[in-house]
file run_25.pdb (PDB, C-alpha atoms and all ligand atoms)
ATOM      1  CA  MET A   1     -10.396  16.670 -14.595
ATOM      2  CA  LYS A   2      -7.595  16.479 -12.025
ATOM      3  CA  LYS A   3      -8.662  17.101  -8.430
ATOM      4  CA  PRO A   4      -6.845  20.014  -6.789
ATOM      5  CA  ILE A   5      -5.292  19.393  -3.364
ATOM      6  CA  SER A   6      -3.672  21.947  -1.062
ATOM      7  CA  ILE A   7      -0.710  20.951   1.078
ATOM      8  CA  ILE A   8       0.773  23.224   3.714
ATOM      9  CA  GLY A   9       4.553  23.191   4.050
ATOM     10  CA  ALA A  10       7.214  22.252   1.499
ATOM     11  CA  GLY A  11       9.225  20.146   3.937
ATOM     12  CA  ILE A  12      10.029  16.484   3.464
ATOM     13  CA  GLY A  13       6.535  15.400   4.499
ATOM     14  CA  GLY A  14       4.607  17.910   2.410
ATOM     15  CA  LEU A  15       6.660  17.374  -0.724
ATOM     16  CA  THR A  16       6.546  13.576  -0.419
ATOM     17  CA  MET A  17       2.769  13.780  -0.094
ATOM     18  CA  ALA A  18       2.544  16.158  -3.076
ATOM     19  CA  MET A  19       4.701  13.910  -5.236
ATOM     20  CA  LEU A  20       2.641  10.821  -4.329
ATOM     21  CA  LEU A  21      -0.672  12.570  -5.022
ATOM     22  CA  LYS A  22       0.626  13.935  -8.328
ATOM     23  CA  GLN A  23       1.543  10.397  -9.394
ATOM     24  CA  LYS A  24      -1.983   9.317  -8.430
ATOM     25  CA  GLY A  25      -3.470  11.912 -10.794
ATOM     26  CA  PHE A  26      -4.213  14.753  -8.392
ATOM     27  CA  GLU A  27      -3.163  18.356  -8.863
ATOM     28  CA  PRO A  28      -1.311  19.336  -5.680
ATOM     29  CA  THR A  29      -0.375  22.885  -4.719
ATOM     30  CA  VAL A  30       2.103  23.214  -1.875
ATOM     31  CA  TYR A  31       1.988  26.451   0.147
ATOM     32  CA  GLU A  32       5.250  27.271   1.898
ATOM     33  CA  SER A  33       5.732  30.128   4.331
ATOM     34  CA  ALA A  34       9.451  30.588   3.572
ATOM     35  CA  PRO A  35      10.370  32.926   0.692
ATOM     36  CA  ALA A  36      12.709  30.318  -0.829
ATOM     37  CA  ILE A  37      13.559  26.657  -0.532
ATOM     38  CA  GLN A  38      16.980  27.139   0.958
ATOM     39  CA  PRO A  39      19.673  24.555   1.636
ATOM     40  CA  VAL A  40      19.101  24.512   5.386
ATOM     41  CA  GLY A  41      19.377  21.567   7.741
ATOM     42  CA  ALA A  42      21.985  18.888   8.157
ATOM     43  CA  GLY A  43      22.596  15.283   7.261
ATOM     44  CA  ILE A  44      19.796  12.828   7.974
ATOM     45  CA  ILE A  45      19.405   9.114   7.456
ATOM     46  CA  ILE A  46      16.541   7.894   5.347
ATOM     47  CA  ALA A  47      15.807   4.487   6.790
ATOM     48  CA  ASN A  48      15.051   1.416   4.740
ATOM     49  CA  ASN A  49      11.294   1.635   5.389
ATOM     50  CA  ALA A  50      11.132   5.210   4.056
ATOM     51  CA  MET A  51      13.308   4.251   1.089
ATOM     52  CA  GLN A  52      10.779   1.519   0.260
ATOM     53  CA  ILE A  53       8.200   4.273  -0.302
ATOM     54  CA  TYR A  54      10.601   6.194  -2.522
ATOM     55  CA  LYS A  55      11.279   2.949  -4.427
ATOM     56  CA  LYS A  56       7.547   2.534  -5.064
ATOM     57  CA  VAL A  57       7.463   5.956  -6.711
ATOM     58  CA  GLY A  58      10.697   5.318  -8.586
ATOM     59  CA  ILE A  59      13.058   7.883  -7.080
ATOM     60  CA  HIS A  60      15.185   5.698  -4.775
ATOM     61  CA  HIS A  61      18.130   5.697  -7.199
ATOM     62  CA  LYS A  62      18.132   9.518  -7.310
ATOM     63  CA  ILE A  63      18.244   9.626  -3.503
ATOM     64  CA  GLU A  64      20.970   6.982  -3.322
ATOM     65  CA  GLN A  65      23.064   8.901  -5.863
ATOM     66  CA  ALA A  66      22.664  12.199  -4.007
ATOM     67  CA  GLY A  67      23.563  10.616  -0.668
ATOM     68  CA  ASN A  68      25.661   7.792   0.741
ATOM     69  CA  LYS A  69      24.483   4.241   1.228
ATOM     70  CA  VAL A  70      24.805   3.044   4.822
ATOM     71  CA  SER A  71      25.167  -0.720   5.227
ATOM     72  CA  VAL A  72      26.552  -0.832   8.766
ATOM     73  CA  MET A  73      25.613   1.307  11.771
ATOM     74  CA  LYS A  74      27.732   1.450  14.895
ATOM     75  CA  ILE A  75      26.988   2.823  18.325
ATOM     76  CA  THR A  76      30.330   3.645  19.918
ATOM     77  CA  ASP A  77      31.717   5.082  23.117
ATOM     78  CA  ALA A  78      33.543   8.420  23.199
ATOM     79  CA  GLN A  79      36.740   6.702  21.987
ATOM     80  CA  LEU A  80      34.818   5.268  18.988
ATOM     81  CA  LYS A  81      35.032   1.735  20.423
ATOM     82  CA  PRO A  82      31.944  -0.069  19.080
ATOM     83  CA  LEU A  83      29.290  -0.890  21.665
ATOM     84  CA  LEU A  84      26.837  -2.185  19.087
ATOM     85  CA  VAL A  85      27.259  -3.023  15.401
ATOM     86  CA  MET A  86      24.168  -3.337  13.214
ATOM     87  CA  LYS A  87      24.593  -4.882   9.792
ATOM     88  CA  LEU A  88      21.830  -3.743   7.456
ATOM     89  CA  SER A  89      22.682  -5.916   4.451
ATOM     90  CA  LYS A  90      19.923  -8.402   5.315
ATOM     91  CA  TYR A  91      17.291  -5.663   4.877
ATOM     92  CA  GLU A  92      18.979  -4.446   1.693
ATOM     93  CA  SER A  93      18.597  -7.858   0.066
ATOM     94  CA  VAL A  94      15.036  -8.396   1.319
ATOM     95  CA  TYR A  95      13.674  -4.977   0.303
ATOM     96  CA  GLY A  96      16.049  -3.964  -2.506
ATOM     97  CA  VAL A  97      16.863  -0.559  -1.011
ATOM     98  CA  TYR A  98      19.547   0.916   1.231
ATOM     99  CA  ASN A  99      19.503   3.171   4.262
ATOM    100  CA  VAL A 100      20.801   6.440   2.840
ATOM    101  CA  ALA A 101      22.611   9.299   4.575
ATOM    102  CA  ILE A 102      21.766  12.509   2.740
ATOM    103  CA  HIS A 103      21.710  16.239   3.403
ATOM    104  CA  ARG A 104      18.119  17.278   4.149
ATOM    105  CA  ALA A 105      18.375  20.021   1.515
ATOM    106  CA  ALA A 106      19.444  17.545  -1.197
ATOM    107  CA  LEU A 107      16.445  15.339  -0.429
ATOM    108  CA  GLN A 108      14.136  18.350  -0.348
ATOM    109  CA  HIS A 109      15.450  19.474  -3.750
ATOM    110  CA  ILE A 110      14.789  16.047  -5.307
ATOM    111  CA  LEU A 111      11.271  16.008  -3.859
ATOM    112  CA  ALA A 112      10.597  19.578  -5.052
ATOM    113  CA  GLU A 113      11.738  18.659  -8.569
ATOM    114  CA  GLU A 114       9.428  15.633  -8.581
ATOM    115  CA  THR A 115       6.535  17.724  -7.267
ATOM    116  CA  GLY A 116       7.316  20.421  -9.856
ATOM    117  CA  PHE A 117       8.511  23.868  -8.749
ATOM    118  CA  GLU A 118       5.494  25.315 -10.559
ATOM    119  CA  ASN A 119       3.298  23.561  -7.976
ATOM    120  CA  ILE A 120       5.014  25.182  -4.979
ATOM    121  CA  VAL A 121       3.863  28.623  -3.841
ATOM    122  CA  LEU A 122       6.441  30.392  -1.666
ATOM    123  CA  SER A 123       5.932  33.186   0.902
ATOM    124  CA  LYS A 124       2.466  31.813   1.665
ATOM    125  CA  ARG A 125       1.875  31.192   5.358
ATOM    126  CA  LEU A 126      -1.343  29.475   6.420
ATOM    127  CA  ALA A 127      -2.989  31.430   9.219
ATOM    128  CA  GLN A 128      -6.314  29.633   9.681
ATOM    129  CA  ILE A 129      -8.551  26.835   8.459
ATOM    130  CA  GLU A 130     -12.324  27.253   8.517
ATOM    131  CA  LYS A 131     -14.733  24.428   7.895
ATOM    132  CA  ASN A 132     -18.391  25.028   7.196
ATOM    133  CA  GLU A 133     -19.779  23.385   4.073
ATOM    134  CA  ASN A 134     -16.365  23.666   2.476
ATOM    135  CA  TYR A 135     -12.849  24.167   3.749
ATOM    136  CA  LYS A 136     -11.411  27.671   3.689
ATOM    137  CA  LEU A 137      -7.689  28.210   3.973
ATOM    138  CA  GLY A 138      -6.794  31.689   5.179
ATOM    139  CA  PHE A 139      -3.267  32.926   4.558
ATOM    140  CA  GLU A 140      -1.311  35.550   6.433
ATOM    141  CA  ASP A 141      -1.269  37.829   3.359
ATOM    142  CA  GLY A 142      -5.076  38.083   3.591
ATOM    143  CA  THR A 143      -5.872  35.738   0.694
ATOM    144  CA  MET A 144      -8.345  32.901   1.056
ATOM    145  CA  LYS A 145      -8.818  29.620  -0.806
ATOM    146  CA  THR A 146     -12.005  27.569  -0.717
ATOM    147  CA  PHE A 147     -12.064  23.817  -1.183
ATOM    148  CA  PHE A 148     -14.773  21.239  -1.399
ATOM    149  CA  SER A 149     -14.231  18.552   1.167
ATOM    150  CA  ALA A 150     -13.571  15.126  -0.282
ATOM    151  CA  ILE A 151     -13.189  11.580   0.943
ATOM    152  CA  LEU A 152     -10.100   9.952  -0.452
ATOM    153  CA  GLN A 153     -10.304   6.257  -1.183
ATOM    154  CA  THR A 154      -7.226   4.178  -1.802
TER     155      THR A 154
HETATM  156  C1  LIG B 201      17.913  17.464  14.429
HETATM  157  C2  LIG B 201      17.004  16.564  13.648
HETATM  158  C3  LIG B 201      17.515  15.389  13.097
HETATM  159  C4  LIG B 201      16.683  14.543  12.363
HETATM  160  N1  LIG B 201      17.202  13.413  11.803
HETATM  161  C5  LIG B 201      16.429  12.605  11.066
HETATM  162  C6  LIG B 201      16.973  11.442  10.432
HETATM  163  O1  LIG B 201      18.157  11.152  10.545
HETATM  164  N2  LIG B 201      16.143  10.677   9.676
HETATM  165  C7  LIG B 201      14.805  10.982   9.540
HETATM  166  O2  LIG B 201      14.086  10.247   8.822
HETATM  167  N3  LIG B 201      14.264  12.065  10.135
HETATM  168  C8  LIG B 201      15.039  12.866  10.882
HETATM  169  N4  LIG B 201      14.497  13.979  11.491
HETATM  170  C9  LIG B 201      13.071  14.195  11.367
HETATM  171  C10 LIG B 201      12.717  14.815  10.018
HETATM  172  O3  LIG B 201      13.528  15.955   9.764
HETATM  173  C11 LIG B 201      11.243  15.205  10.081
HETATM  174  O4  LIG B 201      10.485  14.054  10.361
HETATM  175  C12 LIG B 201      10.750  15.791   8.761
HETATM  176  O5  LIG B 201      11.535  16.900   8.384
HETATM  177  C13 LIG B 201       9.305  16.197   8.940
HETATM  178  O6  LIG B 201       8.868  16.699   7.705
HETATM  179  P1  LIG B 201       7.734  17.782   7.642
HETATM  180  O7  LIG B 201       7.515  18.078   6.185
HETATM  181  O8  LIG B 201       6.564  17.351   8.454
HETATM  182  O9  LIG B 201       8.320  19.042   8.428
HETATM  183  P2  LIG B 201       9.466  20.042   7.985
HETATM  184  O10 LIG B 201      10.524  19.364   7.164
HETATM  185  O11 LIG B 201       9.853  20.746   9.232
HETATM  186  O12 LIG B 201       8.725  21.063   7.030
HETATM  187  C14 LIG B 201       7.650  21.888   7.443
HETATM  188  C15 LIG B 201       7.542  23.000   6.400
HETATM  189  O13 LIG B 201       6.317  23.681   6.617
HETATM  190  C16 LIG B 201       6.555  25.078   6.551
HETATM  191  N5  LIG B 201       5.508  25.701   7.353
HETATM  192  C17 LIG B 201       5.368  25.645   8.702
HETATM  193  N6  LIG B 201       4.262  26.315   9.066
HETATM  194  C18 LIG B 201       3.683  26.779   7.936
HETATM  195  C19 LIG B 201       2.488  27.544   7.659
HETATM  196  N7  LIG B 201       1.680  27.976   8.652
HETATM  197  N8  LIG B 201       2.175  27.842   6.366
HETATM  198  C20 LIG B 201       2.994  27.433   5.355
HETATM  199  N9  LIG B 201       4.130  26.731   5.558
HETATM  200  C21 LIG B 201       4.471  26.393   6.832
HETATM  201  C22 LIG B 201       7.972  25.255   7.105
HETATM  202  O14 LIG B 201       8.552  26.464   6.662
HETATM  203  C23 LIG B 201       8.672  24.023   6.524
HETATM  204  O15 LIG B 201       9.222  24.256   5.238
HETATM  205  C24 LIG B 201      15.308  14.852  12.210
HETATM  206  C25 LIG B 201      14.794  16.048  12.763
HETATM  207  C26 LIG B 201      15.633  16.886  13.478
HETATM  208  C27 LIG B 201      15.064  18.152  14.052
END
call {"tool": "encode", "arguments": {"input": "run_25.pdb", "output": "C-alpha cells"}}
result
Amino acid sequence: MKKPISIIGAGIGGLTMAMLLKQKGFEPTVYESAPAIQPVGAGIIIANNAMQIYKKVGIHHKIEQAGNKVSVMKITDAQLKPLLVMKLSKYESVYGVYNVAIHRAALQHILAEETGFENIVLSKRLAQIEKNENYKLGFEDGTMKTFFSAILQT
C-alpha cells in the first residue's frame, strides 16, 4: 500500500517534493491555501544545479521547452556595458542541462501536472500542527487530519 504524505503549500518547493515522493511510490496530498493555482509571479532562473534534479526525474526537457536556455550571464552597468561575463557552457556539457529562464507560473504548472491536479487540495490553509503520538494537521476551515509519524530512509 502506498504511504500517504501531506505537504503544505503548492509552490515550487512543495510541488517538487510531491512529484519526487510520488515517483518514489508515496501518495502525496498537497494542501494549498489559495483558491486556485494562478499565473502569479515573474520570470525566474532555474540554475544548473536545480535543473540537475529535474533531469533526474525526467522533466528537464519540459522546463527547457517552456522557458529559455541561458548560456551566458552578464552583469552590466546602467548603460549595459558588461562588468562581468559568465559563460555557462562548461557546466552545460558537464551536467547535460542548461540554466533556464522561465515564468514562475509556467514552472508551477509543469510541477502541478507532474504531481497530478487530483493530488492538490485548494482553499486549505494549515493553521496548526500538533504532535502527540501522531501528527495532527489542523486547517483553518476547522478540519483535522491525523498522521502516523514515520522515519524516511533513502
Ligand atoms: C522576487 C523573487 C525572485 C526570485 N528569483 C528566483 C530565481 O531567479 N531563481 C530561483 O531559483 N529562485 C528565485 N526566487 C526564490 C524562489 O521563488 C523560492 O525559492 C521558491 O518559490 C520557494 O518555493 P516554496 O514552495 O518554498 O514557496 P512558494 O513558492 O512561496 O510557495 C508557498 C506556497 O505555500 C502556500 N501557503 C503558505 N502558507 C500556507 C498555509 N498555512 N497552508 C497552506 N498553504 C500555504 C502559498 O500560498 C504558496 O502557494 C525568487 C524569489 C523572489 C521573491
call {"tool": "resolve_selection", "arguments": {"input": "run_25.pdb", "expression": "the PyMOL selection byres (((chain A and resi 17-33) around 12) and not hetatm)", "output": "ChimeraX atom specification"}}
result
/A:1-16,34-38,53-59,108,110-127,137-141,145,152-154
call {"tool": "axis_aligned_box", "arguments": {"input": "run_25.pdb", "around": "ligand LIG 201 (chain B)", "padding_each_side": "6 Å", "output": "AutoDock Vina command-line options"}}
result
--center_x 9.9 --center_y 19.1 --center_z 9.8 --size_x 28.5 --size_y 29.7 --size_z 21.2
call {"tool": "atom_distance", "arguments": {"input": "run_25.pdb", "atom1": "atom O3 of ligand LIG 201 (chain B)", "atom2": "CA of Pro39 (chain A)"}}
result
13.3 Å
call {"tool": "closest_residue", "arguments": {"input": "run_25.pdb", "among": "A:Ser71, A:Asn99, A:Thr143, A:Thr76", "to": "Asn48 (chain A)", "atoms": "all atoms listed in the file"}}
result
A:Asn99
call {"tool": "resolve_selection", "arguments": {"input": "run_25.pdb", "expression": "the PyMOL selection byres (((chain A and resi 105) around 7) and not hetatm)", "output": "list in words"}}
result
Pro39, Val40, Gly41, His103, Arg104, Ala106, Leu107, Gln108 and His109 of chain A
call {"tool": "resolve_selection", "arguments": {"input": "run_25.pdb", "expression": "the PyMOL selection byres (((chain A and resi 96) around 10) and not hetatm)", "output": "VMD selection string"}}
result
chain A and resid 48 51 to 52 55 60 89 to 95 97 to 98
call {"tool": "closest_residue", "arguments": {"input": "run_25.pdb", "among": "A:Ile63, A:Met73, A:Ile46, A:Val100", "to": "Leu88 (chain A)", "atoms": "all atoms listed in the file"}}
result
A:Met73
call {"tool": "atom_distance", "arguments": {"input": "run_25.pdb", "atom1": "CA of Gly43 (chain A)", "atom2": "CA of Ile102 (chain A)"}}
result
5.4 Å
call {"tool": "atom_distance", "arguments": {"input": "run_25.pdb", "atom1": "atom C9 of ligand LIG 201 (chain B)", "atom2": "CA of Ile44 (chain A)"}}
result
7.7 Å
call {"tool": "residues_around", "arguments": {"input": "run_25.pdb", "residues": "Ala101 (chain A)", "least_positions_apart": "2", "cutoff": "6 Å", "atoms": "only C-alpha atoms", "output": "list in words"}}
result
Ile44, Ile45, Gly67 and Asn68 of chain A
call {"tool": "closest_residue", "arguments": {"input": "run_25.pdb", "among": "A:His61, A:Phe147, A:Val70, A:Leu83", "to": "ligand LIG 201 (chain B)", "atoms": "only C-alpha atoms and all ligand atoms"}}
result
A:Val70
call {"tool": "closest_residue", "arguments": {"input": "run_25.pdb", "among": "A:Thr146, A:Ile129, A:Lys136, A:Val72", "to": "ligand LIG 201 (chain B)", "atoms": "only C-alpha atoms and all ligand atoms"}}
result
A:Ile129
